[in-house]
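Just below is one structure, and these are the notes that go with it.
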Amino acid sequence: MSRSTSYWKGNRYPDSASEPEPKAPIKDLPSPVAARFKLVRDGLRSIPGVVEHVKFLGPQWRWAWEYTLGNRKLCWMHVMQDGVSATFTISDGEERKAGEARLPAAVTQAITEAQRTGPVRWCWLALSDQRLATAFLSFAKKKAEWMRAEAPPGSLRRAAG
């Protein structure tokens with residue numbers, strides 16, 4: 001959330017009228033960045049119940065890859081000109097669980113530096129190398145477990161279709 005306007009203007013897919021294909025970044029990004037995008041995308045899509053949506057999220061975020069678990073948002077991936085980043089929210093309860101879990105340092109730092117809006121913190125992480133991409137994916141899997149544990153029985157299946 002706290003990225004500058006100039007950062008968000010670097011979105012690789014700025015035109016609201018031209019929806020990118022879900023796999024477009026794999027061919028459009030430089031090869032090492034495309035590999036990180038593919039690693040995280042495939043990992044998120046492999047989490048039971050997680051659904052991918054490519055959505056235009058307004059003039060600031062523009063096109064993003066949104067990952068949902070039922071009616072809750074797990075995270076968003078942002079495809080920039082030569083990079084990929086992720087945004088995720090964390091509730092107070094999830095933040096307590098994160099404090100008890102052994103999270104990668106970069107994820108912990110993203111949570112610590114996050115901007116609070118209402119009941120959640122908005123966290124951002126540049127997936128600037130393979131290690132960070134793997135760390136984020138590990139965290140996303142934990143967050144999905146927490147979300148699943150908090151959901152009313154059957155609610156995630158219905159919402160995910």
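Chain labels A, B, ... are given in the sequence in which chains occur in the structure tokens; within each chain residues are numbered consecutively from 1, and ligands are likewise numbered from 1 in the order shown.
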
- prompt: Taking the backbone alone, and naming residues the way the document does, which bits of chain A are strand (DSSP E or B) by DSSP, as a ChimeraX atom specification?
  reply: /A:11,50-56,63-69,72-80,84-91,115-117,120-126

- request: May I have the residues within 12 Å of Ser6 of chain A as a list in words, using only C-alpha atoms and disregarding those fewer than 3 positions away in the same chain?
  value: Ser2, Arg3, Lys9, Gly10, Asn11, Gln60, Trp61 and Met80 of chain A

Atoms kept (N, CA, C and O atoms) for selection, written as a short mmCIF file (atom, residue, chain, number, x, y, z; two decimals), in the first residue's frame:
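Everything below was put into again05.cif:
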data_model
loop_
_atom_site.label_atom_id
_atom_site.label_comp_id
_atom_site.auth_asym_id
_atom_site.auth_seq_id
_atom_site.Cartn_x
_atom_site.Cartn_y
_atom_site.Cartn_z
N SER A 2 1.97 1.26 0.70
CA SER A 2 2.73 2.50 0.84
C SER A 2 3.73 2.73 -0.28
O SER A 2 4.60 3.56 -0.16
N ARG A 3 3.64 1.99 -1.36
CA ARG A 3 4.51 2.24 -2.51
C ARG A 3 4.14 3.57 -3.13
O ARG A 3 3.00 4.00 -3.11
N LYS A 9 3.04 3.12 -11.30
CA LYS A 9 2.99 3.45 -12.74
C LYS A 9 3.86 2.49 -13.54
O LYS A 9 3.73 2.43 -14.76
N GLY A 10 4.72 1.75 -12.87
CA GLY A 10 5.57 0.78 -13.54
C GLY A 10 4.89 -0.55 -13.81
O GLY A 10 5.53 -1.50 -14.27
N ASN A 11 3.58 -0.64 -13.55
CA ASN A 11 2.85 -1.87 -13.82
C ASN A 11 2.99 -2.22 -15.30
O ASN A 11 2.81 -1.38 -16.17
N GLN A 60 -4.48 2.95 -9.58
CA GLN A 60 -3.19 2.86 -8.89
C GLN A 60 -2.57 1.47 -9.08
O GLN A 60 -1.49 1.34 -9.62
N TRP A 61 -3.25 0.43 -8.64
CA TRP A 61 -2.69 -0.92 -8.73
C TRP A 61 -2.76 -1.48 -10.14
O TRP A 61 -2.00 -2.37 -10.48
N MET A 80 5.37 -5.85 -12.56
CA MET A 80 5.93 -4.57 -12.92
C MET A 80 6.78 -4.74 -14.18
O MET A 80 6.92 -5.84 -14.69
#

- prompt: Which neighbours of segment 20-24 of chain A fall inside 10 Å, counting only C-alpha atoms, when residues of the same chain fewer than 3 positions from it are skipped, and could you give them as a ChimeraX atom specification?
  reply: /A:12-17,27-29,34,37-38,41,52-56,63-65,79

Using N, CA, C and O atoms, can you export the residues from the last selection as a short mmCIF file (atom, residue, chain, number, x, y, z; two decimals), in the first residue's frame?
data_model
loop_
_atom_site.label_atom_id
_atom_site.label_comp_id
_atom_site.auth_asym_id
_atom_site.auth_seq_id
_atom_site.Cartn_x
_atom_site.Cartn_y
_atom_site.Cartn_z
N ARG A 12 3.32 -3.46 -15.58
CA ARG A 12 3.54 -3.91 -16.96
C ARG A 12 2.26 -3.88 -17.79
O ARG A 12 2.30 -3.79 -19.01
N TYR A 13 1.11 -3.94 -17.13
CA TYR A 13 -0.18 -3.99 -17.83
C TYR A 13 -1.06 -2.83 -17.36
O TYR A 13 -1.97 -3.02 -16.56
N PRO A 14 -0.81 -1.61 -17.86
CA PRO A 14 -1.52 -0.44 -17.33
C PRO A 14 -2.90 -0.18 -17.94
O PRO A 14 -3.70 0.53 -17.34
N ASP A 15 -3.19 -0.74 -19.10
CA ASP A 15 -4.42 -0.39 -19.82
C ASP A 15 -5.61 -1.17 -19.27
O ASP A 15 -5.68 -2.40 -19.42
N SER A 16 -6.56 -0.47 -18.69
CA SER A 16 -7.73 -1.13 -18.09
C SER A 16 -8.55 -1.89 -19.12
O SER A 16 -9.26 -2.83 -18.78
N ALA A 17 -8.46 -1.52 -20.38
CA ALA A 17 -9.24 -2.17 -21.44
C ALA A 17 -8.56 -3.41 -22.02
O ALA A 17 -9.16 -4.11 -22.82
N LYS A 27 5.83 -15.03 -20.38
CA LYS A 27 6.49 -14.71 -21.65
C LYS A 27 6.94 -13.26 -21.74
O LYS A 27 7.87 -12.95 -22.47
N ASP A 28 6.30 -12.37 -20.97
CA ASP A 28 6.59 -10.94 -21.08
C ASP A 28 7.74 -10.46 -20.20
O ASP A 28 8.36 -9.44 -20.50
N LEU A 29 8.01 -11.14 -19.10
CA LEU A 29 9.04 -10.71 -18.17
C LEU A 29 10.40 -11.30 -18.55
O LEU A 29 10.47 -12.35 -19.19
N ALA A 34 10.38 -14.04 -14.69
CA ALA A 34 9.28 -14.90 -15.13
C ALA A 34 9.29 -16.20 -14.33
O ALA A 34 8.23 -16.72 -13.96
N PHE A 37 7.78 -15.47 -10.96
CA PHE A 37 6.33 -15.33 -11.09
C PHE A 37 5.69 -16.71 -11.21
O PHE A 37 4.72 -17.02 -10.52
N LYS A 38 6.24 -17.55 -12.07
CA LYS A 38 5.69 -18.89 -12.30
C LYS A 38 5.75 -19.73 -11.02
O LYS A 38 4.78 -20.42 -10.68
N ARG A 41 3.06 -18.25 -8.66
CA ARG A 41 1.73 -18.47 -9.23
C ARG A 41 1.34 -19.94 -9.12
O ARG A 41 0.25 -20.28 -8.64
N GLU A 52 -7.40 -18.22 -8.70
CA GLU A 52 -6.70 -17.06 -9.28
C GLU A 52 -7.68 -16.23 -10.11
O GLU A 52 -8.49 -16.78 -10.85
N HIS A 53 -7.56 -14.90 -9.97
CA HIS A 53 -8.33 -13.96 -10.78
C HIS A 53 -7.36 -12.90 -11.28
O HIS A 53 -6.57 -12.38 -10.49
N VAL A 54 -7.40 -12.59 -12.56
CA VAL A 54 -6.64 -11.45 -13.06
C VAL A 54 -7.64 -10.30 -13.09
O VAL A 54 -8.66 -10.38 -13.77
N LYS A 55 -7.36 -9.26 -12.28
CA LYS A 55 -8.35 -8.18 -12.10
C LYS A 55 -7.70 -6.81 -12.26
O LYS A 55 -6.56 -6.62 -11.84
N PHE A 56 -8.48 -5.90 -12.81
CA PHE A 56 -8.04 -4.50 -12.83
C PHE A 56 -8.51 -3.89 -11.52
O PHE A 56 -9.70 -3.84 -11.23
N TRP A 63 -3.62 -3.75 -13.27
CA TRP A 63 -3.87 -5.20 -13.34
C TRP A 63 -3.03 -5.92 -12.29
O TRP A 63 -1.85 -5.66 -12.13
N ALA A 64 -3.69 -6.84 -11.59
CA ALA A 64 -3.00 -7.64 -10.58
C ALA A 64 -3.57 -9.06 -10.63
O ALA A 64 -4.69 -9.29 -11.09
N TRP A 65 -2.78 -9.99 -10.15
CA TRP A 65 -3.20 -11.38 -10.02
C TRP A 65 -3.67 -11.53 -8.58
O TRP A 65 -2.89 -11.39 -7.64
N VAL A 79 2.67 -7.34 -11.35
CA VAL A 79 3.68 -7.54 -12.39
C VAL A 79 4.13 -6.17 -12.87
O VAL A 79 3.36 -5.43 -13.48
#

field: Non-local contacts of segment 108-118 of chain A (9 Å; only C-alpha atoms; under 4 positions in same chain excluded) as a ChimeraX atom specification
entry: /A:1-2,89-90,95,98-99,103-104,122-125

Quick one: write out the picked residues with N, CA, C and O atoms as a short mmCIF file (atom, residue, chain, number, x, y, z; two decimals), in the first residue's frame?
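File again21.cif, as written:
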data_model
loop_
_atom_site.label_atom_id
_atom_site.label_comp_id
_atom_site.auth_asym_id
_atom_site.auth_seq_id
_atom_site.Cartn_x
_atom_site.Cartn_y
_atom_site.Cartn_z
N MET A 1 0.82 -1.18 0.00
CA MET A 1 0.00 0.00 0.00
C MET A 1 0.87 1.26 0.00
O MET A 1 0.51 2.23 -0.61
N SER A 2 1.97 1.26 0.70
CA SER A 2 2.73 2.50 0.84
C SER A 2 3.73 2.73 -0.28
O SER A 2 4.60 3.56 -0.16
N THR A 89 -2.82 -8.95 3.11
CA THR A 89 -3.31 -8.36 4.34
C THR A 89 -3.10 -9.35 5.46
O THR A 89 -3.00 -10.56 5.23
N ILE A 90 -3.04 -8.81 6.66
CA ILE A 90 -2.91 -9.68 7.83
C ILE A 90 -3.77 -9.08 8.94
O ILE A 90 -3.67 -7.89 9.24
N GLU A 95 -1.74 -11.90 12.70
CA GLU A 95 -0.47 -11.29 13.13
C GLU A 95 0.04 -11.98 14.40
O GLU A 95 1.23 -12.23 14.55
N ALA A 98 1.43 -15.19 13.30
CA ALA A 98 2.71 -14.94 12.61
C ALA A 98 3.83 -14.75 13.63
O ALA A 98 4.95 -15.21 13.43
N GLY A 99 3.51 -14.07 14.74
CA GLY A 99 4.50 -13.86 15.78
C GLY A 99 4.93 -15.17 16.44
O GLY A 99 6.06 -15.29 16.91
N LEU A 103 8.56 -17.40 10.73
CA LEU A 103 8.40 -16.86 9.39
C LEU A 103 9.75 -16.37 8.86
O LEU A 103 10.61 -15.95 9.63
N PRO A 104 9.91 -16.39 7.54
CA PRO A 104 11.12 -15.82 6.96
C PRO A 104 11.24 -14.34 7.35
O PRO A 104 10.24 -13.62 7.47
N TRP A 122 -1.76 -3.85 5.67
CA TRP A 122 -1.48 -4.10 4.25
C TRP A 122 0.03 -4.23 4.11
O TRP A 122 0.78 -3.28 4.33
N CYS A 123 0.47 -5.43 3.74
CA CYS A 123 1.88 -5.76 3.67
C CYS A 123 2.31 -5.87 2.20
O CYS A 123 1.56 -6.37 1.37
N TRP A 124 3.54 -5.45 1.92
CA TRP A 124 4.08 -5.50 0.56
C TRP A 124 5.46 -6.12 0.61
O TRP A 124 6.24 -5.86 1.53
N LEU A 125 5.76 -6.96 -0.41
CA LEU A 125 7.05 -7.62 -0.47
C LEU A 125 7.51 -7.73 -1.93
O LEU A 125 6.77 -8.25 -2.77
#

query: How many Å separate atom CA of Pro25 of chain A from atom CA of Asp82 of chain A?
result: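 Interatomic distance here is 10.0 Å.
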
field: Distance in Å - atom CA of Met147 of chain A versus atom CA of Cys75 of chain A
entry: 11.9 Å

- prompt: Quick one: of A:Leu44, A:Val33, A:Val107, A:Val84, who's nearest to Thr68 of chain A, counting only C-alpha atoms?
  reply: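 Comparing A:Leu44, A:Val33, A:Val107, A:Val84 against Thr68 of chain A, the winner is A:Leu44.
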
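Distance check against Ser128 of chain A using only C-alpha atoms: of A:Gly83, A:Gly43, A:Pro48, A:Pro30, the minimum falls on A:Gly83.
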